[in-house]
>>> print(open('upload.txt').read())   # compact mmCIF, C-alpha atoms and all ligand atoms
# COMPACT_ATOMS: atom_id res chain seq x y z
CA MET Z 734 9.39 4.50 14.12
CA SER Z 735 11.22 3.97 17.35
CA GLN Z 736 13.15 0.70 17.56
CA THR Z 737 11.13 -0.27 20.61
CA ARG Z 738 7.73 0.29 19.00
CA THR Z 739 6.13 -2.87 17.63
CA LEU Z 740 4.17 -2.87 14.37
CA ALA Z 741 0.98 -3.53 16.34
CA GLU Z 742 1.71 -0.36 18.33
CA VAL Z 743 2.23 1.55 15.10
CA CYS Z 744 -1.25 0.44 13.99
CA THR Z 745 -2.70 1.77 17.25
CA LEU Z 746 -0.88 5.06 16.59
CA PHE Z 747 -2.65 5.41 13.23
CA THR Z 748 -6.10 4.57 14.56
CA THR Z 749 -5.82 6.91 17.55
CA ALA Z 750 -4.49 9.86 15.51
CA PRO Z 751 -7.16 12.47 14.70
CA PRO Z 752 -8.49 11.88 11.14
CA ALA Z 753 -6.88 15.11 9.89
CA ASP Z 754 -3.46 13.82 11.02
CA ARG Z 755 -3.80 10.13 10.03
CA VAL Z 756 -2.22 10.43 6.58
CA ALA Z 757 0.73 12.46 7.91
CA ALA Z 758 1.09 9.99 10.81
CA VAL Z 759 1.66 7.18 8.30
CA ALA Z 760 4.18 9.28 6.36
CA ARG Z 761 6.08 10.24 9.54
CA ALA Z 762 6.12 6.64 10.84
CA ALA Z 763 7.43 5.44 7.47
CA LEU Z 764 10.18 8.08 7.33
CA SER Z 765 11.19 7.40 10.93
CA GLN Z 766 12.06 3.83 9.88
CA CYS Z 767 14.81 5.10 7.57
CA SER Z 768 18.36 5.06 8.80
CA PRO Z 769 19.53 7.77 9.17
CA ARG Z 770 16.09 9.17 9.98
CA ALA Z 771 14.85 10.90 6.83
CA GLN Z 772 13.78 14.53 6.68
CA CYS Z 773 11.58 15.28 3.71
CA PRO Z 774 10.28 18.81 4.38
CA MET Z 775 9.07 19.56 0.83
CA TYR Z 776 7.28 16.22 0.56
CA LEU Z 777 5.61 16.52 3.99
CA SER Z 778 4.57 20.11 3.31
CA ALA Z 779 2.97 19.17 -0.04
CA LEU Z 780 1.22 16.15 1.52
CA ASN Z 781 -0.11 18.20 4.45
CA LYS Z 782 -1.36 20.94 2.14
CA ALA Z 783 -3.24 18.40 0.03
CA VAL Z 784 -4.85 16.78 3.12
CA SER Z 785 -5.83 20.18 4.54
CA GLU Z 786 -7.55 21.06 1.26
CA GLU Z 787 -9.56 17.82 1.15
CA LEU Z 788 -9.60 15.24 3.93
CA PRO Z 789 -9.25 11.76 2.36
CA PRO Z 790 -12.29 9.53 3.05
CA PHE Z 791 -9.92 6.65 3.90
CA ALA Z 792 -8.64 8.64 6.91
CA THR Z 793 -12.07 9.15 8.50
CA ASP Z 794 -13.73 7.27 11.37
CA SER Z 795 -16.91 6.70 9.33
CA TYR Z 796 -14.87 4.87 6.64
CA CYS Z 797 -13.38 2.59 9.35
CA ASP Z 798 -16.90 1.96 10.69
CA ILE Z 799 -18.19 0.96 7.24
CA TYR Z 800 -15.19 -1.35 6.75
CA ARG Z 801 -15.75 -2.94 10.17
CA GLY Z 802 -19.42 -3.53 9.34
CA ALA Z 803 -18.57 -5.17 6.00
CA ALA Z 804 -15.73 -7.27 7.46
CA ALA Z 805 -17.98 -8.72 10.18
CA ASP Z 806 -19.14 -11.03 7.37
CA GLY Z 807 -16.49 -13.74 6.90
CA ASN Z 808 -17.50 -14.35 3.27
CA TRP Z 809 -16.95 -10.69 2.50
CA LEU Z 810 -13.51 -10.74 4.13
CA ALA Z 811 -12.52 -13.92 2.26
CA VAL Z 812 -13.46 -12.32 -1.09
CA SER Z 813 -11.67 -9.13 -0.06
CA LEU Z 814 -8.45 -11.10 0.59
CA MET Z 815 -8.68 -12.64 -2.90
CA THR Z 816 -9.30 -9.20 -4.43
CA ASN Z 817 -6.29 -7.87 -2.53
CA ALA Z 818 -4.16 -10.65 -4.00
CA GLU Z 819 -5.37 -9.71 -7.49
CA ARG Z 820 -4.63 -6.02 -6.98
CA GLU Z 821 -1.17 -6.69 -5.58
CA GLY Z 822 -0.38 -8.85 -8.61
CA ASP Z 823 -1.66 -6.15 -11.01
CA GLY Z 824 0.33 -3.49 -9.15
CA ALA Z 825 3.48 -5.62 -9.41
CA THR Z 826 3.04 -5.88 -13.19
CA ARG Z 827 2.64 -2.10 -13.57
CA LEU Z 828 5.74 -1.47 -11.44
CA TRP Z 829 7.73 -3.99 -13.45
CA SER Z 830 7.04 -2.03 -16.65
CA LEU Z 831 7.88 1.31 -15.02
CA ALA Z 832 11.11 -0.17 -13.64
CA ALA Z 833 12.04 -1.56 -17.05
CA CYS Z 834 11.67 1.91 -18.58
CA SER Z 835 13.41 3.90 -15.84
CA ASP Z 836 16.46 5.86 -17.04
CA ASN Z 837 17.92 6.14 -13.53
CA ARG Z 838 19.74 3.07 -12.22
CA ARG Z 839 18.93 3.69 -8.52
CA GLU Z 840 15.26 4.42 -9.17
CA GLN Z 841 15.10 1.35 -11.38
CA GLN Z 842 16.37 -0.92 -8.61
CA LEU Z 843 13.93 0.59 -6.10
CA LEU Z 844 11.00 0.11 -8.47
CA LYS Z 845 12.12 -3.44 -9.21
CA ARG Z 846 12.26 -4.27 -5.51
CA HIS Z 847 8.80 -2.71 -5.11
CA ALA Z 848 7.44 -4.93 -7.91
CA VAL Z 849 8.99 -8.01 -6.28
CA ASP Z 850 7.42 -7.03 -2.94
CA GLU Z 851 3.94 -6.61 -4.43
CA SER Z 852 4.31 -9.89 -6.33
CA ARG Z 853 5.06 -11.61 -3.00
CA HIS Z 854 2.18 -9.76 -1.31
CA ALA Z 855 -0.29 -11.43 -3.70
CA LEU Z 856 0.82 -14.76 -2.21
CA HIS Z 857 0.76 -13.33 1.33
CA TYR Z 858 -2.93 -12.40 0.92
CA LEU Z 859 -3.68 -15.92 -0.29
CA ALA Z 860 -1.79 -17.35 2.71
CA LEU Z 861 -3.99 -15.16 4.95
CA LEU Z 862 -7.03 -16.56 3.17
CA ASP Z 863 -5.83 -20.12 3.93
CA LEU Z 864 -5.14 -19.29 7.58
CA CYS Z 865 -8.36 -17.36 8.27
CA PHE Z 866 -10.75 -19.49 6.27
CA PRO Z 867 -9.23 -22.98 6.03
CA ASP Z 868 -10.91 -25.34 3.58
CA THR Z 869 -13.44 -22.79 2.31
CA VAL Z 870 -11.95 -22.47 -1.19
CA ALA Z 871 -12.08 -25.51 -3.48
CA PRO Z 872 -8.51 -26.86 -3.99
CA SER Z 873 -8.66 -26.50 -7.79
CA PHE Z 874 -9.73 -22.85 -7.54
CA ARG Z 875 -7.17 -22.20 -4.79
CA ALA Z 876 -4.41 -23.54 -7.06
CA GLU Z 877 -5.55 -21.15 -9.82
CA LEU Z 878 -5.39 -18.21 -7.42
CA ASP Z 879 -1.60 -18.59 -7.15
CA GLN Z 880 -1.47 -17.32 -10.74
CA LEU Z 881 -2.51 -13.89 -9.43
CA SER Z 882 1.14 -13.36 -8.47
CA PRO Z 883 3.45 -12.72 -11.43
CA GLY Z 884 6.21 -14.42 -9.39
CA TYR Z 885 8.86 -11.73 -9.86
CA SER Z 886 12.29 -11.97 -8.26
CA MET Z 887 15.30 -9.63 -8.17
CA ASP Z 888 17.37 -11.96 -10.36
CA GLN Z 889 14.83 -11.82 -13.20
CA ALA Z 890 15.54 -9.45 -16.12
CA LEU Z 891 13.21 -6.44 -16.36
CA VAL Z 892 11.00 -6.36 -19.44
CA ALA Z 893 8.22 -3.84 -20.05
CA VAL Z 894 4.82 -5.38 -20.77
CA PRO Z 895 4.17 -4.59 -24.45
CA GLY Z 896 1.38 -2.03 -24.84
CA SER Z 897 1.20 -1.29 -21.10
CA PRO Z 898 0.44 2.37 -20.26
CA TYR Z 899 3.15 1.94 -17.62
CA ALA Z 900 5.84 1.17 -20.19
CA ARG Z 901 7.25 4.70 -19.85
CA THR Z 902 9.84 6.61 -17.87
CA PRO Z 903 8.50 7.25 -14.33
CA SER Z 904 7.83 10.88 -13.36
CA ILE Z 905 7.54 12.69 -10.02
CA ASP Z 906 3.79 12.55 -10.62
CA ASP Z 907 4.00 8.71 -10.73
CA PHE Z 908 5.91 8.68 -7.42
CA ALA Z 909 3.32 11.00 -5.82
CA GLN Z 910 0.49 8.68 -6.94
CA MET Z 911 2.38 5.64 -5.63
CA ASN Z 912 3.04 7.38 -2.33
CA ILE Z 913 -0.63 8.28 -1.79
CA ALA Z 914 -1.69 4.76 -2.82
CA GLU Z 915 0.77 3.21 -0.36
CA ILE Z 916 -0.49 5.43 2.48
CA ARG Z 917 -4.04 4.33 1.67
CA THR Z 918 -2.93 0.68 1.58
CA THR Z 919 -1.29 1.13 5.00
CA LEU Z 920 -4.50 2.53 6.49
CA HIS Z 921 -6.49 -0.31 4.90
CA HIS Z 922 -3.99 -2.74 6.41
CA VAL Z 923 -4.76 -1.46 9.90
CA MET Z 924 -8.49 -2.07 9.40
CA GLN Z 925 -7.86 -5.47 7.83
CA ARG Z 926 -5.60 -6.51 10.68
CA LEU Z 927 -8.39 -6.00 13.21
CA ALA Z 928 -10.88 -7.92 11.05
CA ILE Z 929 -8.48 -10.84 10.56
CA ALA Z 930 -7.95 -11.08 14.33
CA GLN Z 931 -11.70 -11.56 14.69
CA HIS Z 932 -12.08 -14.28 12.05
CA CYS Z 933 -8.80 -16.20 12.23
CA PRO Z 934 -8.88 -19.50 14.17
CA ALA Z 935 -6.79 -19.10 17.35
CA ASP Z 936 -4.31 -21.79 16.27
CA ASN Z 937 -3.49 -19.85 13.09
CA LEU Z 938 -3.35 -16.35 14.55
CA ALA Z 939 0.41 -16.24 15.26
CA LYS Z 940 1.20 -17.21 11.65
CA ALA Z 941 -1.32 -14.68 10.32
CA THR Z 942 0.18 -11.94 12.51
CA ALA Z 943 3.69 -12.69 11.22
CA ILE Z 944 2.43 -12.29 7.62
CA LEU Z 945 0.60 -9.07 8.53
CA ASP Z 946 3.77 -7.68 10.15
CA SER Z 947 5.74 -8.47 7.02
CA LEU Z 948 3.10 -6.75 4.83
CA LEU Z 949 3.01 -3.66 7.06
CA GLY Z 950 6.80 -3.35 7.15
CA ASP Z 951 6.90 -3.50 3.34
CA GLU Z 952 4.07 -1.00 2.85
CA LEU Z 953 5.75 1.48 5.21
CA TYR Z 954 8.95 1.03 3.21
CA HIS Z 955 7.01 1.78 -0.01
CA VAL Z 956 5.75 5.00 1.57
CA SER Z 957 9.26 6.03 2.66
CA TYR Z 958 11.21 5.25 -0.49
CA THR Z 959 8.71 7.07 -2.72
CA ALA Z 960 8.79 10.05 -0.30
CA LEU Z 961 12.58 10.15 -0.53
CA LEU Z 962 12.51 10.02 -4.34
CA ILE Z 963 9.90 12.79 -4.44
CA GLU Z 964 12.00 14.93 -2.08
CA ARG Z 965 15.15 14.42 -4.13
CA ARG Z 966 13.47 15.23 -7.44
CA SER Z 967 11.88 18.34 -5.87
CA ARG Z 968 15.27 19.50 -4.65
CA ASP Z 969 16.69 19.06 -8.13
CA ALA Z 970 14.04 20.71 -10.26
CA GLU Z 971 10.35 20.26 -9.56
CA ARG Z 972 9.92 22.04 -6.22
CA ASP Z 973 7.29 24.54 -7.44
CA ARG Z 974 5.12 21.84 -9.04
CA LEU Z 975 5.00 19.53 -6.02
CA PRO Z 976 2.11 21.03 -3.97
CA ALA Z 977 -0.15 21.16 -7.06
CA ILE Z 978 0.74 17.56 -8.00
CA PHE Z 979 -0.15 16.29 -4.51
CA CYS Z 980 -3.39 18.30 -4.34
CA LYS Z 981 -4.53 16.98 -7.73
CA ARG Z 982 -3.54 13.38 -7.09
CA LEU Z 983 -5.07 13.28 -3.60
CA ARG Z 984 -8.32 14.69 -5.02
CA ASP Z 985 -8.23 11.93 -7.67
CA PHE Z 986 -7.66 9.26 -5.00
CA ASN Z 987 -10.43 10.66 -2.84
CA ARG Z 988 -12.88 10.45 -5.74
CA ILE Z 989 -11.82 6.86 -6.58
CA THR Z 990 -12.05 5.89 -2.90
CA SER Z 991 -15.57 7.34 -2.62
CA GLU Z 992 -16.67 5.43 -5.73
CA GLU Z 993 -15.14 2.21 -4.35
CA LEU Z 994 -16.83 2.81 -1.01
CA GLU Z 995 -20.21 2.73 -2.71
CA ARG Z 996 -19.34 -0.80 -3.90
CA ARG Z 997 -17.92 -1.69 -0.43
CA ASN Z 998 -14.56 -2.18 -2.09
CA PHE Z 999 -11.58 -1.48 0.22
CA ASP Z 1000 -8.68 -3.13 -1.52
CA SER Z 1001 -5.03 -2.19 -1.59
FE FE E 1101 1.46 -4.55 -1.17
FE FE E 1102 2.94 -1.45 -1.42
>>> encode(input="upload.txt", output="structure tokens")
Amino acid sequence: MSQTRTLAEVCTLFTTAPPADRVAAVARAALSQCSPRAQCPMYLSALNKAVSEELPPFATDSYCDIYRGAAADGNWLAVSLMTNAEREGDGATRLWSLAACSDNRREQQLLKRHAVDESRHALHYLALLDLCFPDTVAPSFRAELDQLSPGYSMDQALVAVPGSPYARTPSIDDFAQMNIAEIRTTLHHVMQRLAIAQHCPADNLAKATAILDSLLGDELYHVSYTALLIERRSRDAERDRLPAIFCKRLRDFNRITSEELERRNFDS
């Protein structure tokens, strides 16, 4: 991303890109944020091949139209923000276990930071709920919602959640799944941003936009750091496997997204 381009402009870039290029546009924007600018040719080639084999539903105009229709209802958007908070908290817990089990110090620190980010995002979504829909959630229930964030911080010791399927050493396949999930979250963010602008009281919009900018910056970072890890692991050993991993995992995500779409579920 160019230094002069604002995050709002980046969102416009994603929405105006042709659907077939939307996923790659997110990946390129994320990598352009890295300093020095990152080149990940094997990663980008595998991602593009997967998209060309099966266009993700979350990159299509009809998906955006369905989201816009659902989000016109303020109650729906309020519930969606709470569900986002829940998913961010769950994601943080999974990442915490993966980080705890990583056998690579650098990857471990990156995963730990990612878990801390998602833990904070759970609270960000609740803050958006407060700003967009003030006084609509009963105070006692609102206080309970804060528990959706596991409250991780970088100075906490990593411990795998006993019995978690994520209490295992992370693989390139895990990083590919995370990368696709983060791209989908980024595209959801763009849709959500427009819906929030429609529902948020004018006095609260500047605060809401600052939170949205922080979320978008983090999600783009999650796309770029996983892309860099995938590229490095491919260079070391797993180059031949990468296109097949991306094709399979994107197909999986597309199926999950289509099932969620039937339930009008568009969460991160
Ligand atoms: Fe997040
Ligand atoms: Fe993320």
>>> closest_residue(input="upload.txt", among="Z:Leu764, Z:Leu780, Z:Val956, Z:Ala941", to="ligand FE 1101 (chain E)", atoms="all atoms listed in the file")
Z:Val956
>>> residues_near_ligand(input="upload.txt", ligand="ligand FE 1101 (chain E)", cutoff="8 Å", atoms="all atoms listed in the file", output="PDB file with C-alpha atoms, in the frame of the given file")
ATOM      1  CA  GLU Z 821      -1.170  -6.690  -5.580  1.00  0.00           C
ATOM      2  CA  ASP Z 850       7.420  -7.030  -2.940  1.00  0.00           C
ATOM      3  CA  GLU Z 851       3.940  -6.610  -4.430  1.00  0.00           C
ATOM      4  CA  SER Z 852       4.310  -9.890  -6.330  1.00  0.00           C
ATOM      5  CA  HIS Z 854       2.180  -9.760  -1.310  1.00  0.00           C
ATOM      6  CA  ALA Z 855      -0.290 -11.430  -3.700  1.00  0.00           C
ATOM      7  CA  GLU Z 915       0.770   3.210  -0.360  1.00  0.00           C
ATOM      8  CA  THR Z 918      -2.930   0.680   1.580  1.00  0.00           C
ATOM      9  CA  LEU Z 948       3.100  -6.750   4.830  1.00  0.00           C
ATOM     10  CA  ASP Z 951       6.900  -3.500   3.340  1.00  0.00           C
ATOM     11  CA  GLU Z 952       4.070  -1.000   2.850  1.00  0.00           C
ATOM     12  CA  SER Z1001      -5.030  -2.190  -1.590  1.00  0.00           C
TER      13      SER Z1001
END
>>> closest_residue(input="upload.txt", among="Z:Leu828, Z:Ile989, Z:Ala943, Z:Leu859", to="ligand FE 1102 (chain E)", atoms="only C-alpha atoms and all ligand atoms")
Z:Leu828
>>> closest_residue(input="upload.txt", among="Z:Asn817, Z:Ser830, Z:Ser904, Z:Gln925", to="ligand FE 1102 (chain E)", atoms="only C-alpha atoms and all ligand atoms")
Z:Asn817
>>> residues_around(input="upload.txt", residues="Z:Leu810", least_positions_apart="6", cutoff="10 Å", atoms="all atoms listed in the file", output="list in words")
Tyr800, Ala803, Ala804, Thr816, Leu862, Cys865, Phe866, Gln925, Ala928, Ile929 and His932 of chain Z
>>> closest_residue(input="upload.txt", among="Z:Met911, Z:Leu953, Z:Ala900, Z:Val870", to="Z:Asn808", atoms="all atoms listed in the file")
Z:Val870
>>> atom_distance(input="upload.txt", atom1="atom CA of Z:Val923", atom2="atom CA of Z:Pro789")
15.9 Å
>>> closest_residue(input="upload.txt", among="Z:Thr739, Z:Ser947, Z:Gln931, Z:Thr869", to="ligand FE 1102 (chain E)", atoms="all atoms listed in the file")
Z:Ser947
>>> atom_distance(input="upload.txt", atom1="atom CA of Z:Ile913", atom2="atom CA of Z:Val743")
18.4 Å
>>> residues_near_point(input="upload.txt", point="(4.2, 10.3, 11.2)", cutoff="10 Å", atoms="all atoms listed in the file", output="PyMOL selection string")
chain Z and resi 734+743+746-747+750+754-765+777
>>> residues_around(input="upload.txt", residues="Z:Ile963", least_positions_apart="4", cutoff="8 Å", atoms="all atoms listed in the file", output="short mmCIF file (atom, residue, chain, number, x, y, z; two decimals) with C-alpha atoms, in the frame of the given file")
data_model
loop_
_atom_site.label_atom_id
_atom_site.label_comp_id
_atom_site.auth_asym_id
_atom_site.auth_seq_id
_atom_site.Cartn_x
_atom_site.Cartn_y
_atom_site.Cartn_z
CA TYR Z 776 7.28 16.22 0.56
CA ILE Z 905 7.54 12.69 -10.02
CA PHE Z 908 5.91 8.68 -7.42
CA ALA Z 909 3.32 11.00 -5.82
CA THR Z 959 8.71 7.07 -2.72
CA SER Z 967 11.88 18.34 -5.87
#
>>> closest_residue(input="upload.txt", among="Z:Asn837, Z:Gln766, Z:Thr990, Z:Thr745", to="Z:Thr902", atoms="all atoms listed in the file")
Z:Asn837
>>> atom_distance(input="upload.txt", atom1="atom CA of Z:Lys782", atom2="atom CA of Z:Cys980")
7.3 Å
>>> axis_aligned_box(input="upload.txt", around="stretch 806-814 of chain Z", padding_each_side="4 Å", output="lines of an AutoDock Vina configuration file")
center_x = -13.8
center_y = -11.7
center_z = 3.1
size_x = 18.7
size_y = 13.2
size_z = 16.5
>>> residues_around(input="upload.txt", residues="Z:Arg901", least_positions_apart="6", cutoff="8 Å", atoms="all atoms listed in the file", output="number ranges by chain")
Z: 830-831, 834-835
>>> write_last_selection(input="upload.txt", atoms="C-alpha atoms", output="PDB file, in the frame of the given file")
ATOM      1  CA  SER Z 830       7.040  -2.030 -16.650  1.00  0.00           C
ATOM      2  CA  LEU Z 831       7.880   1.310 -15.020  1.00  0.00           C
ATOM      3  CA  CYS Z 834      11.670   1.910 -18.580  1.00  0.00           C
ATOM      4  CA  SER Z 835      13.410   3.900 -15.840  1.00  0.00           C
TER       5      SER Z 835
END
>>> residues_around(input="upload.txt", residues="Z:Arg997", least_positions_apart="3", cutoff="12 Å", atoms="only C-alpha atoms", output="list in words")
Tyr796, Cys797, Asp798, Ile799, Tyr800, Arg801, Gly802, Ala803, Ala804, Trp809, Leu810, Val812, Ser813, Thr990, Ser991, Glu992, Glu993, Leu994 and Asp1000 of chain Z
>>> decode(input="upload.txt", residues="stretch 775-794 of chain Z", atoms="N, CA and C atoms", output="PDB file, in the first residue's frame")
ATOM      1  N   MET Z 775       5.915 -17.348  -5.098  1.00  0.00           N
ATOM      2  CA  MET Z 775       5.331 -18.702  -5.013  1.00  0.00           C
ATOM      3  C   MET Z 775       3.962 -18.655  -4.344  1.00  0.00           C
ATOM      4  N   TYR Z 776       3.871 -17.833  -3.304  1.00  0.00           N
ATOM      5  CA  TYR Z 776       2.587 -17.670  -2.608  1.00  0.00           C
ATOM      6  C   TYR Z 776       1.538 -17.081  -3.554  1.00  0.00           C
ATOM      7  N   LEU Z 777       1.882 -15.979  -4.238  1.00  0.00           N
ATOM      8  CA  LEU Z 777       0.905 -15.313  -5.109  1.00  0.00           C
ATOM      9  C   LEU Z 777       0.485 -16.218  -6.266  1.00  0.00           C
ATOM     10  N   SER Z 778       1.437 -16.988  -6.784  1.00  0.00           N
ATOM     11  CA  SER Z 778       1.109 -17.897  -7.888  1.00  0.00           C
ATOM     12  C   SER Z 778       0.132 -18.976  -7.417  1.00  0.00           C
ATOM     13  N   ALA Z 779       0.383 -19.542  -6.229  1.00  0.00           N
ATOM     14  CA  ALA Z 779      -0.504 -20.601  -5.700  1.00  0.00           C
ATOM     15  C   ALA Z 779      -1.892 -20.026  -5.406  1.00  0.00           C
ATOM     16  N   LEU Z 780      -1.932 -18.811  -4.844  1.00  0.00           N
ATOM     17  CA  LEU Z 780      -3.222 -18.177  -4.528  1.00  0.00           C
ATOM     18  C   LEU Z 780      -4.008 -17.902  -5.816  1.00  0.00           C
ATOM     19  N   ASN Z 781      -3.321 -17.354  -6.824  1.00  0.00           N
ATOM     20  CA  ASN Z 781      -3.995 -17.033  -8.091  1.00  0.00           C
ATOM     21  C   ASN Z 781      -4.508 -18.289  -8.785  1.00  0.00           C
ATOM     22  N   LYS Z 782      -3.718 -19.353  -8.717  1.00  0.00           N
ATOM     23  CA  LYS Z 782      -4.154 -20.607  -9.353  1.00  0.00           C
ATOM     24  C   LYS Z 782      -5.440 -21.112  -8.678  1.00  0.00           C
ATOM     25  N   ALA Z 783      -5.449 -21.054  -7.350  1.00  0.00           N
ATOM     26  CA  ALA Z 783      -6.627 -21.534  -6.607  1.00  0.00           C
ATOM     27  C   ALA Z 783      -7.862 -20.701  -6.964  1.00  0.00           C
ATOM     28  N   VAL Z 784      -7.697 -19.371  -7.046  1.00  0.00           N
ATOM     29  CA  VAL Z 784      -8.845 -18.493  -7.372  1.00  0.00           C
ATOM     30  C   VAL Z 784      -9.309 -18.743  -8.802  1.00  0.00           C
ATOM     31  N   SER Z 785      -8.349 -18.983  -9.715  1.00  0.00           N
ATOM     32  CA  SER Z 785      -8.757 -19.209 -11.114  1.00  0.00           C
ATOM     33  C   SER Z 785      -9.491 -20.535 -11.263  1.00  0.00           C
ATOM     34  N   GLU Z 786      -9.196 -21.494 -10.384  1.00  0.00           N
ATOM     35  CA  GLU Z 786      -9.913 -22.779 -10.455  1.00  0.00           C
ATOM     36  C   GLU Z 786     -11.328 -22.663  -9.908  1.00  0.00           C
ATOM     37  N   GLU Z 787     -11.505 -21.836  -8.869  1.00  0.00           N
ATOM     38  CA  GLU Z 787     -12.843 -21.708  -8.270  1.00  0.00           C
ATOM     39  C   GLU Z 787     -12.963 -20.346  -7.612  1.00  0.00           C
ATOM     40  N   LEU Z 788     -13.728 -19.465  -8.240  1.00  0.00           N
ATOM     41  CA  LEU Z 788     -13.877 -18.098  -7.710  1.00  0.00           C
ATOM     42  C   LEU Z 788     -14.572 -18.145  -6.341  1.00  0.00           C
ATOM     43  N   PRO Z 789     -13.946 -17.574  -5.296  1.00  0.00           N
ATOM     44  CA  PRO Z 789     -14.582 -17.603  -3.973  1.00  0.00           C
ATOM     45  C   PRO Z 789     -15.884 -16.810  -3.959  1.00  0.00           C
ATOM     46  N   PRO Z 790     -16.953 -17.347  -3.358  1.00  0.00           N
ATOM     47  CA  PRO Z 790     -18.209 -16.590  -3.282  1.00  0.00           C
ATOM     48  C   PRO Z 790     -18.014 -15.238  -2.614  1.00  0.00           C
ATOM     49  N   PHE Z 791     -17.108 -15.179  -1.598  1.00  0.00           N
ATOM     50  CA  PHE Z 791     -16.945 -13.923  -0.856  1.00  0.00           C
ATOM     51  C   PHE Z 791     -16.283 -12.818  -1.672  1.00  0.00           C
ATOM     52  N   ALA Z 792     -15.859 -13.134  -2.914  1.00  0.00           N
ATOM     53  CA  ALA Z 792     -15.278 -12.105  -3.780  1.00  0.00           C
ATOM     54  C   ALA Z 792     -16.272 -11.622  -4.835  1.00  0.00           C
ATOM     55  N   THR Z 793     -17.492 -12.123  -4.799  1.00  0.00           N
ATOM     56  CA  THR Z 793     -18.442 -11.787  -5.875  1.00  0.00           C
ATOM     57  C   THR Z 793     -19.336 -10.594  -5.508  1.00  0.00           C
ATOM     58  N   ASP Z 794     -19.878  -9.948  -6.544  1.00  0.00           N
ATOM     59  CA  ASP Z 794     -20.789  -8.817  -6.315  1.00  0.00           C
ATOM     60  C   ASP Z 794     -22.098  -9.286  -5.683  1.00  0.00           C
TER      61      ASP Z 794
END
